[in-house]
Amino acid sequence: MASDAGNPIPRFPAGFVWGVSTSAHQIEGAADEREPSVWDAFTAEPGRVKDGSTAAVACDHYHRYREDVALLADLGVDAYRFSVSWPRVRSAGGLDFYDRLVDELLAAGVRPVPTLFHWDLPVALDWLERDTASRFAEYVAVVAERLGDRVKKWITLNEPAEHTLLGHALGAHAPGRQLLFDALPVAHHQLLAHGLAVRALRASGATDIGIANSHGPTWPASEESADVEAAGFYDLLLNRLFADPLLLGQYPEGIGELMPGDVESDLKVISEPLDWYGVNYYAPTRVGAPQGEDIEFGGLTIPAELPFSVRQIEGVPVTDFGWPVVPEGLTELLTGFRERYGDRLPPVVITENGCSYPGLDDQDRIAYLDGHLRALHKAVEAGVDVRGYFVWSLLDNFEWAEGYERRFGLVHVDFETQQRTPKSSYGWFRDVLRAQR
């Protein structure tokens, strides 16, 4: 970790937004009080989730949100990034919950920052269908009309790359499809949904709109041309495929012709100007040429037929998820984005950064966050316009296909009793925020 750990975190610019993040399906519970999502269908299938669990109750945030908002207030964050459940909004009275949550946050002095789609697609819809993008825009308009008088900062989508790759290409997440490159329409329709959502939000008067895209540096396994080429292709799929259309109004070379519909017209919608660009950062990825066999990596099976293979990054710590801990990758990513996109890159907000570790005295999490904040500050010093940082996550929660085995929270949740217990990292982050004031 950073050699200056233990010294105060350097001061960030005035107006910098400090927050924490969650998502609806992972914490809300109350599944019987909303329409089902693709994740409800997925977790009902035996073997899909490692511990056999579901998010039917999760952290019961739906009923305990006041307790969780009190934790936010005590922590001292400026903002809370949560997600709005599309299936809940489609249910009678579903928006009432978010009315109450937003009011509770504002009364506690915490800015609400809703994400409008965080993977929990209503089970009746399908991202393979273009019409889903239009349905999303209609839903966004309904939410904006109801909450827009109090919500000022909006996020359209969370991690369309992972939702495409894990849910539709590899089958590890809902809806569990294994389409490989035939999943590309899912990427395009999510990007189109984003652009249509931006237009819907603008029509409602919103002036502070971003997206939460996951990104990380791609490192070739060696200087051999086959490894460099494979790494370049991986970078295209996981980074440029989801950034170039938004920021440049075009797909990377060779990709546009693989997408459905009138791509040129769609790109004009997809590239609607953003007020800021959200980055979810966890780790770089080391990539080499295909090795001729399936590879198990980070809980995933990487099929042999893909034109790349993911390799271990040697000589660095790992989280209990097995993810490498490489804070300097965040500096590299952000300075690289500034070089790649220039003045087309809006101000940046780190919309997720965090790690899975067990225990209440979570010194490893403190070291992780300390190192990444210092790396983020180096990007600021290098001239990247960074406007905020959100820790993933406030609470231990339902970690998708991992169930409840992975704990990302600053607050420990006993899923039997629903008791919340702040961890050492919660107190550490509270101290960091006080020092930044």
# chains A, B, ... in the order shown; residues from 1 in each chain; ligands from 1
$ closest_atom_pairs --of "region 108-143 of chain A" --to "region 330-354 of chain A" --cutoff "12 Å" --atoms "only C-alpha atoms" --output "Markdown table"
| residue | atom | partner | partner_atom | distance |
| --- | --- | --- | --- | --- |
| A:Val113 | CA | A:Thr351 | CA | 10.2 |
| A:Pro114 | CA | A:Thr351 | CA | 11.4 |
| A:Thr115 | CA | A:Thr351 | CA | 10.2 |
$ select_by_dssp --residues "region 239-349 of chain A" --states "alpha helix (DSSP H)" --output "ChimeraX atom specification"
/A:241-248,263-270,328-341
$ write_last_selection --atoms "N, CA and C atoms" --output "mmCIF file, in the first residue's frame"
data_model
loop_
_atom_site.group_PDB
_atom_site.id
_atom_site.type_symbol
_atom_site.label_atom_id
_atom_site.label_comp_id
_atom_site.auth_asym_id
_atom_site.auth_seq_id
_atom_site.Cartn_x
_atom_site.Cartn_y
_atom_site.Cartn_z
ATOM 1 N N LEU A 241 -15.707 0.601 -25.507
ATOM 2 C CA LEU A 241 -17.047 0.312 -26.010
ATOM 3 C C LEU A 241 -18.105 1.101 -25.258
ATOM 4 N N PHE A 242 -17.853 1.402 -23.991
ATOM 5 C CA PHE A 242 -18.834 2.092 -23.164
ATOM 6 C C PHE A 242 -18.457 3.546 -22.879
ATOM 7 N N ALA A 243 -17.306 3.991 -23.325
ATOM 8 C CA ALA A 243 -16.911 5.392 -23.144
ATOM 9 C C ALA A 243 -16.887 6.153 -24.463
ATOM 10 N N ASP A 244 -16.364 5.552 -25.523
ATOM 11 C CA ASP A 244 -16.262 6.258 -26.805
ATOM 12 C C ASP A 244 -17.619 6.757 -27.311
ATOM 13 N N PRO A 245 -18.674 5.938 -27.309
ATOM 14 C CA PRO A 245 -19.954 6.451 -27.811
ATOM 15 C C PRO A 245 -20.484 7.628 -26.998
ATOM 16 N N LEU A 246 -20.288 7.586 -25.675
ATOM 17 C CA LEU A 246 -20.763 8.661 -24.808
ATOM 18 C C LEU A 246 -19.976 9.943 -24.999
ATOM 19 N N LEU A 247 -18.655 9.809 -25.097
ATOM 20 C CA LEU A 247 -17.781 10.983 -25.068
ATOM 21 C C LEU A 247 -17.367 11.460 -26.460
ATOM 22 N N LEU A 248 -17.300 10.548 -27.419
ATOM 23 C CA LEU A 248 -16.866 10.910 -28.772
ATOM 24 C C LEU A 248 -17.987 10.811 -29.804
ATOM 25 N N VAL A 263 -27.399 2.961 -36.377
ATOM 26 C CA VAL A 263 -26.387 3.266 -35.370
ATOM 27 C C VAL A 263 -25.986 4.738 -35.407
ATOM 28 N N GLU A 264 -25.861 5.298 -36.604
ATOM 29 C CA GLU A 264 -25.449 6.699 -36.699
ATOM 30 C C GLU A 264 -26.440 7.623 -36.003
ATOM 31 N N SER A 265 -27.723 7.376 -36.210
ATOM 32 C CA SER A 265 -28.742 8.193 -35.527
ATOM 33 C C SER A 265 -28.747 7.933 -34.029
ATOM 34 N N ASP A 266 -28.600 6.664 -33.660
ATOM 35 C CA ASP A 266 -28.591 6.328 -32.233
ATOM 36 C C ASP A 266 -27.434 7.000 -31.503
ATOM 37 N N LEU A 267 -26.280 7.087 -32.163
ATOM 38 C CA LEU A 267 -25.116 7.683 -31.510
ATOM 39 C C LEU A 267 -25.343 9.153 -31.175
ATOM 40 N N LYS A 268 -26.178 9.835 -31.937
ATOM 41 C CA LYS A 268 -26.496 11.229 -31.617
ATOM 42 C C LYS A 268 -27.274 11.318 -30.308
ATOM 43 N N VAL A 269 -28.063 10.285 -30.031
ATOM 44 C CA VAL A 269 -28.793 10.227 -28.763
ATOM 45 C C VAL A 269 -27.857 9.794 -27.636
ATOM 46 N N ILE A 270 -27.081 8.762 -27.905
ATOM 47 C CA ILE A 270 -26.176 8.204 -26.892
ATOM 48 C C ILE A 270 -25.197 9.253 -26.384
ATOM 49 N N GLU A 328 -2.540 2.567 -7.523
ATOM 50 C CA GLU A 328 -1.960 3.403 -8.572
ATOM 51 C C GLU A 328 -2.664 3.209 -9.912
ATOM 52 N N GLY A 329 -3.403 2.101 -10.055
ATOM 53 C CA GLY A 329 -4.189 1.904 -11.269
ATOM 54 C C GLY A 329 -5.252 2.969 -11.446
ATOM 55 N N LEU A 330 -5.747 3.534 -10.343
ATOM 56 C CA LEU A 330 -6.743 4.595 -10.431
ATOM 57 C C LEU A 330 -6.129 5.853 -11.008
ATOM 58 N N THR A 331 -4.929 6.193 -10.561
ATOM 59 C CA THR A 331 -4.228 7.346 -11.141
ATOM 60 C C THR A 331 -3.992 7.123 -12.632
ATOM 61 N N GLU A 332 -3.502 5.935 -12.971
ATOM 62 C CA GLU A 332 -3.235 5.604 -14.371
ATOM 63 C C GLU A 332 -4.500 5.700 -15.219
ATOM 64 N N LEU A 333 -5.598 5.170 -14.702
ATOM 65 C CA LEU A 333 -6.856 5.186 -15.440
ATOM 66 C C LEU A 333 -7.302 6.615 -15.732
ATOM 67 N N LEU A 334 -7.312 7.456 -14.710
ATOM 68 C CA LEU A 334 -7.857 8.798 -14.869
ATOM 69 C C LEU A 334 -6.960 9.677 -15.741
ATOM 70 N N THR A 335 -5.665 9.591 -15.553
ATOM 71 C CA THR A 335 -4.779 10.381 -16.418
ATOM 72 C C THR A 335 -4.836 9.860 -17.853
ATOM 73 N N GLY A 336 -4.995 8.525 -18.009
ATOM 74 C CA GLY A 336 -5.134 7.959 -19.340
ATOM 75 C C GLY A 336 -6.411 8.406 -20.034
ATOM 76 N N PHE A 337 -7.500 8.490 -19.289
ATOM 77 C CA PHE A 337 -8.766 8.975 -19.857
ATOM 78 C C PHE A 337 -8.633 10.437 -20.283
ATOM 79 N N ARG A 338 -7.959 11.233 -19.469
ATOM 80 C CA ARG A 338 -7.787 12.642 -19.849
ATOM 81 C C ARG A 338 -6.990 12.752 -21.141
ATOM 82 N N GLU A 339 -5.960 11.904 -21.275
ATOM 83 C CA GLU A 339 -5.164 11.922 -22.502
ATOM 84 C C GLU A 339 -5.962 11.416 -23.701
ATOM 85 N N ARG A 340 -6.781 10.377 -23.483
ATOM 86 C CA ARG A 340 -7.549 9.785 -24.589
ATOM 87 C C ARG A 340 -8.669 10.700 -25.056
ATOM 88 N N TYR A 341 -9.372 11.335 -24.124
ATOM 89 C CA TYR A 341 -10.589 12.059 -24.481
ATOM 90 C C TYR A 341 -10.447 13.578 -24.434
#
$ atom_distance --atom1 "CA of Gly109 (chain A)" --atom2 "CA of Val143 (chain A)"
21.6 Å
$ select_by_dssp --residues "region 292-434 of chain A" --states "strand (DSSP E)" --output "list of chain:residue names"
A:Ile295, A:Glu296, A:Phe297, A:Leu300, A:Thr301, A:Ile302, A:Ser309, A:Val310, A:Arg311, A:Val348, A:Val349, A:Ile350, A:Thr351, A:Glu352, A:Val386, A:Arg387, A:Gly388, A:Tyr389, A:Phe390, A:Val391, A:Trp392, A:Val411, A:His412, A:Val413, A:Arg420, A:Thr421, A:Pro422
$ atom_distance --atom1 "CA of Asp96 (chain A)" --atom2 "CA of Cys59 (chain A)"
19.1 Å
$ closest_residue --among "A:Gly388, A:Pro87, A:Pro273, A:Gly148" --to "Ser37 (chain A)" --atoms "only C-alpha atoms"
A:Pro87
$ residues_around --residues "Trp39 (chain A)" --least-positions-apart "5" --cutoff "10 Å" --atoms "only C-alpha atoms" --output "list in words"
His25, Ala44, Thr54, Ala55, Trp119, Asp120, Leu121, Pro122, Val123, Gly167, His173, Ala174, Pro175, Gly176, Trp400 and Ala401 of chain A
$ write_last_selection --atoms "N, CA, C and O atoms" --output "PDB file, in the first residue's frame"
ATOM      1  N   HIS A  25     -31.565  -3.555  -5.272  1.00  0.00           N
ATOM      2  CA  HIS A  25     -31.759  -4.997  -5.157  1.00  0.00           C
ATOM      3  C   HIS A  25     -30.879  -5.594  -4.064  1.00  0.00           C
ATOM      4  O   HIS A  25     -31.258  -6.583  -3.429  1.00  0.00           O
ATOM      5  N   ALA A  44     -33.816 -17.632  -8.169  1.00  0.00           N
ATOM      6  CA  ALA A  44     -34.733 -18.749  -7.902  1.00  0.00           C
ATOM      7  C   ALA A  44     -34.264 -20.042  -8.556  1.00  0.00           C
ATOM      8  O   ALA A  44     -34.762 -21.125  -8.208  1.00  0.00           O
ATOM      9  N   THR A  54     -31.129 -15.462  -1.650  1.00  0.00           N
ATOM     10  CA  THR A  54     -31.810 -14.489  -2.500  1.00  0.00           C
ATOM     11  C   THR A  54     -31.767 -13.130  -1.808  1.00  0.00           C
ATOM     12  O   THR A  54     -31.351 -13.018  -0.648  1.00  0.00           O
ATOM     13  N   ALA A  55     -32.252 -12.109  -2.503  1.00  0.00           N
ATOM     14  CA  ALA A  55     -32.322 -10.766  -1.923  1.00  0.00           C
ATOM     15  C   ALA A  55     -33.730 -10.427  -1.464  1.00  0.00           C
ATOM     16  O   ALA A  55     -34.078  -9.250  -1.359  1.00  0.00           O
ATOM     17  N   TRP A 119     -29.149  -2.821 -12.651  1.00  0.00           N
ATOM     18  CA  TRP A 119     -29.205  -4.245 -13.011  1.00  0.00           C
ATOM     19  C   TRP A 119     -30.522  -4.951 -12.750  1.00  0.00           C
ATOM     20  O   TRP A 119     -30.723  -6.048 -13.252  1.00  0.00           O
ATOM     21  N   ASP A 120     -31.424  -4.366 -11.952  1.00  0.00           N
ATOM     22  CA  ASP A 120     -32.656  -5.083 -11.588  1.00  0.00           C
ATOM     23  C   ASP A 120     -33.766  -4.781 -12.608  1.00  0.00           C
ATOM     24  O   ASP A 120     -34.775  -4.151 -12.306  1.00  0.00           O
ATOM     25  N   LEU A 121     -33.582  -5.270 -13.823  1.00  0.00           N
ATOM     26  CA  LEU A 121     -34.551  -5.072 -14.899  1.00  0.00           C
ATOM     27  C   LEU A 121     -35.859  -5.788 -14.562  1.00  0.00           C
ATOM     28  O   LEU A 121     -35.841  -6.935 -14.105  1.00  0.00           O
ATOM     29  N   PRO A 122     -37.002  -5.125 -14.775  1.00  0.00           N
ATOM     30  CA  PRO A 122     -38.270  -5.849 -14.609  1.00  0.00           C
ATOM     31  C   PRO A 122     -38.269  -7.124 -15.445  1.00  0.00           C
ATOM     32  O   PRO A 122     -37.814  -7.133 -16.590  1.00  0.00           O
ATOM     33  N   VAL A 123     -38.781  -8.187 -14.878  1.00  0.00           N
ATOM     34  CA  VAL A 123     -38.679  -9.504 -15.519  1.00  0.00           C
ATOM     35  C   VAL A 123     -39.425  -9.543 -16.854  1.00  0.00           C
ATOM     36  O   VAL A 123     -39.119 -10.379 -17.718  1.00  0.00           O
ATOM     37  N   GLY A 167     -24.068 -10.749 -17.384  1.00  0.00           N
ATOM     38  CA  GLY A 167     -25.450 -11.192 -17.455  1.00  0.00           C
ATOM     39  C   GLY A 167     -25.859 -11.793 -18.780  1.00  0.00           C
ATOM     40  O   GLY A 167     -26.733 -12.665 -18.827  1.00  0.00           O
ATOM     41  N   HIS A 173     -24.365 -13.682 -14.211  1.00  0.00           N
ATOM     42  CA  HIS A 173     -25.335 -12.828 -13.549  1.00  0.00           C
ATOM     43  C   HIS A 173     -26.671 -12.924 -14.288  1.00  0.00           C
ATOM     44  O   HIS A 173     -26.750 -13.451 -15.402  1.00  0.00           O
ATOM     45  N   ALA A 174     -27.706 -12.361 -13.672  1.00  0.00           N
ATOM     46  CA  ALA A 174     -29.011 -12.318 -14.332  1.00  0.00           C
ATOM     47  C   ALA A 174     -28.930 -11.483 -15.618  1.00  0.00           C
ATOM     48  O   ALA A 174     -28.201 -10.491 -15.647  1.00  0.00           O
ATOM     49  N   PRO A 175     -29.614 -11.900 -16.659  1.00  0.00           N
ATOM     50  CA  PRO A 175     -30.580 -13.009 -16.722  1.00  0.00           C
ATOM     51  C   PRO A 175     -29.964 -14.375 -17.032  1.00  0.00           C
ATOM     52  O   PRO A 175     -30.710 -15.324 -17.311  1.00  0.00           O
ATOM     53  N   GLY A 176     -28.643 -14.492 -16.997  1.00  0.00           N
ATOM     54  CA  GLY A 176     -28.006 -15.799 -17.100  1.00  0.00           C
ATOM     55  C   GLY A 176     -27.787 -16.312 -18.507  1.00  0.00           C
ATOM     56  O   GLY A 176     -27.682 -17.518 -18.724  1.00  0.00           O
ATOM     57  N   TRP A 400     -24.821 -10.137  -5.272  1.00  0.00           N
ATOM     58  CA  TRP A 400     -25.148 -10.774  -6.536  1.00  0.00           C
ATOM     59  C   TRP A 400     -24.912 -12.290  -6.501  1.00  0.00           C
ATOM     60  O   TRP A 400     -25.400 -12.943  -5.591  1.00  0.00           O
ATOM     61  N   ALA A 401     -24.197 -12.846  -7.453  1.00  0.00           N
ATOM     62  CA  ALA A 401     -24.033 -14.306  -7.521  1.00  0.00           C
ATOM     63  C   ALA A 401     -23.203 -14.865  -6.370  1.00  0.00           C
ATOM     64  O   ALA A 401     -23.157 -16.082  -6.163  1.00  0.00           O
TER      65      ALA A 401
END
$ closest_residue --among "A:His61, A:Arg240, A:Arg311, A:His194" --to "Ser271 (chain A)" --atoms "only C-alpha atoms"
A:His194
$ closest_residue --among "A:Asp60, A:Glu35, A:Asp370, A:Asp74" --to "Arg430 (chain A)" --atoms "only C-alpha atoms"
A:Asp74
$ residues_around --residues "Ala172 (chain A)" --least-positions-apart "3" --cutoff "12 Å" --atoms "only C-alpha atoms" --output "ChimeraX atom specification"
/A:39,42-43,47-50,162-169,175-180,298-302,400-402
$ residues_around --residues "His215 (chain A)" --least-positions-apart "6" --cutoff "8 Å" --atoms "only C-alpha atoms" --output "compact mmCIF listing (two decimals) with N, CA, C and O atoms, in the first residue's frame"
# COMPACT_ATOMS: atom_id res chain seq x y z
N LEU A 238 -14.17 -3.54 -22.63
CA LEU A 238 -14.55 -3.16 -21.26
C LEU A 238 -14.43 -1.67 -20.98
O LEU A 238 -15.04 -1.18 -20.03
N ASN A 239 -13.65 -0.97 -21.76
CA ASN A 239 -13.49 0.46 -21.53
C ASN A 239 -14.05 1.29 -22.69
O ASN A 239 -15.02 2.02 -22.54
N VAL A 279 -17.06 7.09 -12.70
CA VAL A 279 -16.14 5.96 -12.86
C VAL A 279 -16.22 5.07 -11.63
O VAL A 279 -16.01 5.53 -10.51
N ASN A 280 -16.54 3.79 -11.85
CA ASN A 280 -16.42 2.77 -10.81
C ASN A 280 -15.08 2.09 -11.01
O ASN A 280 -14.84 1.49 -12.06
N TYR A 281 -14.20 2.18 -10.01
CA TYR A 281 -12.86 1.58 -10.15
C TYR A 281 -12.62 0.57 -9.03
O TYR A 281 -12.81 0.87 -7.86
N LEU A 333 -5.60 5.17 -14.70
CA LEU A 333 -6.86 5.19 -15.44
C LEU A 333 -7.30 6.61 -15.73
O LEU A 333 -7.64 6.96 -16.88
$ atom_distance --atom1 "CA of Val142 (chain A)" --atom2 "CA of Thr22 (chain A)"
21.7 Å
$ closest_residue --among "A:Ala289, A:Ala79, A:Leu116, A:Val38" --to "Ile209 (chain A)" --atoms "only C-alpha atoms"
A:Leu116
$ decode --residues "region 56-159 of chain A" --atoms "C-alpha atoms" --output "PDB file, in the first residue's frame"
ATOM      1  CA  ALA A  56     -35.921 -11.195  -0.771  1.00  0.00           C
ATOM      2  CA  VAL A  57     -35.004  -9.607   2.581  1.00  0.00           C
ATOM      3  CA  ALA A  58     -31.346  -8.546   2.128  1.00  0.00           C
ATOM      4  CA  CYS A  59     -30.701  -5.651   4.565  1.00  0.00           C
ATOM      5  CA  ASP A  60     -34.421  -4.853   4.863  1.00  0.00           C
ATOM      6  CA  HIS A  61     -33.536  -1.265   3.992  1.00  0.00           C
ATOM      7  CA  TYR A  62     -37.079  -0.740   2.711  1.00  0.00           C
ATOM      8  CA  HIS A  63     -38.306  -0.894   6.306  1.00  0.00           C
ATOM      9  CA  ARG A  64     -35.121   0.292   8.054  1.00  0.00           C
ATOM     10  CA  TYR A  65     -34.131   3.234   5.858  1.00  0.00           C
ATOM     11  CA  ARG A  66     -34.404   5.724   8.707  1.00  0.00           C
ATOM     12  CA  GLU A  67     -31.822   3.771  10.675  1.00  0.00           C
ATOM     13  CA  ASP A  68     -29.548   3.713   7.618  1.00  0.00           C
ATOM     14  CA  VAL A  69     -29.967   7.433   6.970  1.00  0.00           C
ATOM     15  CA  ALA A  70     -28.967   8.044  10.597  1.00  0.00           C
ATOM     16  CA  LEU A  71     -25.773   6.074   9.890  1.00  0.00           C
ATOM     17  CA  LEU A  72     -25.127   8.307   6.863  1.00  0.00           C
ATOM     18  CA  ALA A  73     -25.625  11.430   8.934  1.00  0.00           C
ATOM     19  CA  ASP A  74     -23.277  10.199  11.652  1.00  0.00           C
ATOM     20  CA  LEU A  75     -20.700   9.262   9.030  1.00  0.00           C
ATOM     21  CA  GLY A  76     -20.775  12.824   7.754  1.00  0.00           C
ATOM     22  CA  VAL A  77     -21.073  12.212   4.014  1.00  0.00           C
ATOM     23  CA  ASP A  78     -22.261  14.953   1.685  1.00  0.00           C
ATOM     24  CA  ALA A  79     -24.218  12.594  -0.554  1.00  0.00           C
ATOM     25  CA  TYR A  80     -25.751   9.141  -0.765  1.00  0.00           C
ATOM     26  CA  ARG A  81     -25.822   7.237  -4.016  1.00  0.00           C
ATOM     27  CA  PHE A  82     -28.673   4.726  -3.997  1.00  0.00           C
ATOM     28  CA  SER A  83     -30.620   3.173  -6.853  1.00  0.00           C
ATOM     29  CA  VAL A  84     -34.280   3.360  -7.706  1.00  0.00           C
ATOM     30  CA  SER A  85     -35.841  -0.044  -8.339  1.00  0.00           C
ATOM     31  CA  TRP A  86     -37.593  -0.005 -11.701  1.00  0.00           C
ATOM     32  CA  PRO A  87     -39.722  -3.034 -10.654  1.00  0.00           C
ATOM     33  CA  ARG A  88     -40.768  -1.172  -7.488  1.00  0.00           C
ATOM     34  CA  VAL A  89     -41.721   1.957  -9.410  1.00  0.00           C
ATOM     35  CA  ARG A  90     -43.896  -0.222 -11.689  1.00  0.00           C
ATOM     36  CA  SER A  91     -45.761  -1.407  -8.581  1.00  0.00           C
ATOM     37  CA  ALA A  92     -48.590   0.453  -6.874  1.00  0.00           C
ATOM     38  CA  GLY A  93     -47.210   3.026  -4.465  1.00  0.00           C
ATOM     39  CA  GLY A  94     -43.611   2.107  -5.310  1.00  0.00           C
ATOM     40  CA  LEU A  95     -42.449   5.679  -5.699  1.00  0.00           C
ATOM     41  CA  ASP A  96     -43.763   6.528  -2.244  1.00  0.00           C
ATOM     42  CA  PHE A  97     -40.762   4.768  -0.716  1.00  0.00           C
ATOM     43  CA  TYR A  98     -38.309   6.956  -2.619  1.00  0.00           C
ATOM     44  CA  ASP A  99     -40.297  10.048  -1.665  1.00  0.00           C
ATOM     45  CA  ARG A 100     -39.820   9.101   1.983  1.00  0.00           C
ATOM     46  CA  LEU A 101     -36.150   8.221   1.497  1.00  0.00           C
ATOM     47  CA  VAL A 102     -35.338  11.485  -0.280  1.00  0.00           C
ATOM     48  CA  ASP A 103     -37.121  13.530   2.389  1.00  0.00           C
ATOM     49  CA  GLU A 104     -35.302  11.660   5.160  1.00  0.00           C
ATOM     50  CA  LEU A 105     -31.936  12.239   3.470  1.00  0.00           C
ATOM     51  CA  LEU A 106     -32.533  15.953   2.982  1.00  0.00           C
ATOM     52  CA  ALA A 107     -33.671  16.339   6.590  1.00  0.00           C
ATOM     53  CA  ALA A 108     -30.364  14.721   7.628  1.00  0.00           C
ATOM     54  CA  GLY A 109     -28.349  17.080   5.413  1.00  0.00           C
ATOM     55  CA  VAL A 110     -27.404  14.368   2.913  1.00  0.00           C
ATOM     56  CA  ARG A 111     -27.845  14.933  -0.833  1.00  0.00           C
ATOM     57  CA  PRO A 112     -29.751  12.149  -2.638  1.00  0.00           C
ATOM     58  CA  VAL A 113     -28.023  10.832  -5.764  1.00  0.00           C
ATOM     59  CA  PRO A 114     -30.256   8.203  -7.378  1.00  0.00           C
ATOM     60  CA  THR A 115     -29.077   5.713  -9.985  1.00  0.00           C
ATOM     61  CA  LEU A 116     -31.992   4.897 -12.267  1.00  0.00           C
ATOM     62  CA  PHE A 117     -30.867   1.425 -13.346  1.00  0.00           C
ATOM     63  CA  HIS A 118     -28.638  -0.865 -11.305  1.00  0.00           C
ATOM     64  CA  TRP A 119     -29.205  -4.245 -13.011  1.00  0.00           C
ATOM     65  CA  ASP A 120     -32.656  -5.083 -11.588  1.00  0.00           C
ATOM     66  CA  LEU A 121     -34.551  -5.072 -14.899  1.00  0.00           C
ATOM     67  CA  PRO A 122     -38.270  -5.849 -14.609  1.00  0.00           C
ATOM     68  CA  VAL A 123     -38.679  -9.504 -15.519  1.00  0.00           C
ATOM     69  CA  ALA A 124     -41.132  -8.610 -18.294  1.00  0.00           C
ATOM     70  CA  LEU A 125     -38.468  -6.632 -20.192  1.00  0.00           C
ATOM     71  CA  ASP A 126     -35.348  -7.630 -22.135  1.00  0.00           C
ATOM     72  CA  TRP A 127     -32.286  -5.568 -23.105  1.00  0.00           C
ATOM     73  CA  LEU A 128     -32.031  -7.577 -26.327  1.00  0.00           C
ATOM     74  CA  GLU A 129     -35.133  -5.673 -27.423  1.00  0.00           C
ATOM     75  CA  ARG A 130     -34.705  -2.092 -28.606  1.00  0.00           C
ATOM     76  CA  ASP A 131     -38.065  -1.118 -27.132  1.00  0.00           C
ATOM     77  CA  THR A 132     -36.637  -1.548 -23.614  1.00  0.00           C
ATOM     78  CA  ALA A 133     -34.633   1.648 -24.127  1.00  0.00           C
ATOM     79  CA  SER A 134     -37.853   3.568 -24.787  1.00  0.00           C
ATOM     80  CA  ARG A 135     -39.563   1.958 -21.801  1.00  0.00           C
ATOM     81  CA  PHE A 136     -36.609   3.053 -19.658  1.00  0.00           C
ATOM     82  CA  ALA A 137     -36.946   6.665 -20.792  1.00  0.00           C
ATOM     83  CA  GLU A 138     -40.650   6.613 -19.880  1.00  0.00           C
ATOM     84  CA  TYR A 139     -39.832   5.263 -16.419  1.00  0.00           C
ATOM     85  CA  VAL A 140     -37.108   7.894 -15.938  1.00  0.00           C
ATOM     86  CA  ALA A 141     -39.563  10.662 -16.806  1.00  0.00           C
ATOM     87  CA  VAL A 142     -41.975   9.361 -14.149  1.00  0.00           C
ATOM     88  CA  VAL A 143     -39.265   9.278 -11.475  1.00  0.00           C
ATOM     89  CA  ALA A 144     -37.952  12.722 -12.427  1.00  0.00           C
ATOM     90  CA  GLU A 145     -41.422  14.236 -12.291  1.00  0.00           C
ATOM     91  CA  ARG A 146     -41.935  12.853  -8.781  1.00  0.00           C
ATOM     92  CA  LEU A 147     -38.489  13.495  -7.254  1.00  0.00           C
ATOM     93  CA  GLY A 148     -36.976  16.231  -9.411  1.00  0.00           C
ATOM     94  CA  ASP A 149     -38.056  19.050  -7.105  1.00  0.00           C
ATOM     95  CA  ARG A 150     -35.655  17.658  -4.475  1.00  0.00           C
ATOM     96  CA  VAL A 151     -33.136  15.516  -6.389  1.00  0.00           C
ATOM     97  CA  LYS A 152     -30.560  17.522  -8.302  1.00  0.00           C
ATOM     98  CA  LYS A 153     -27.834  14.978  -9.145  1.00  0.00           C
ATOM     99  CA  TRP A 154     -28.815  11.968 -11.278  1.00  0.00           C
ATOM    100  CA  ILE A 155     -27.127   8.800 -12.574  1.00  0.00           C
ATOM    101  CA  THR A 156     -28.691   7.009 -15.535  1.00  0.00           C
ATOM    102  CA  LEU A 157     -27.107   3.525 -15.583  1.00  0.00           C
ATOM    103  CA  ASN A 158     -24.736   1.525 -13.432  1.00  0.00           C
ATOM    104  CA  GLU A 159     -22.023  -0.518 -15.163  1.00  0.00           C
TER     105      GLU A 159
END
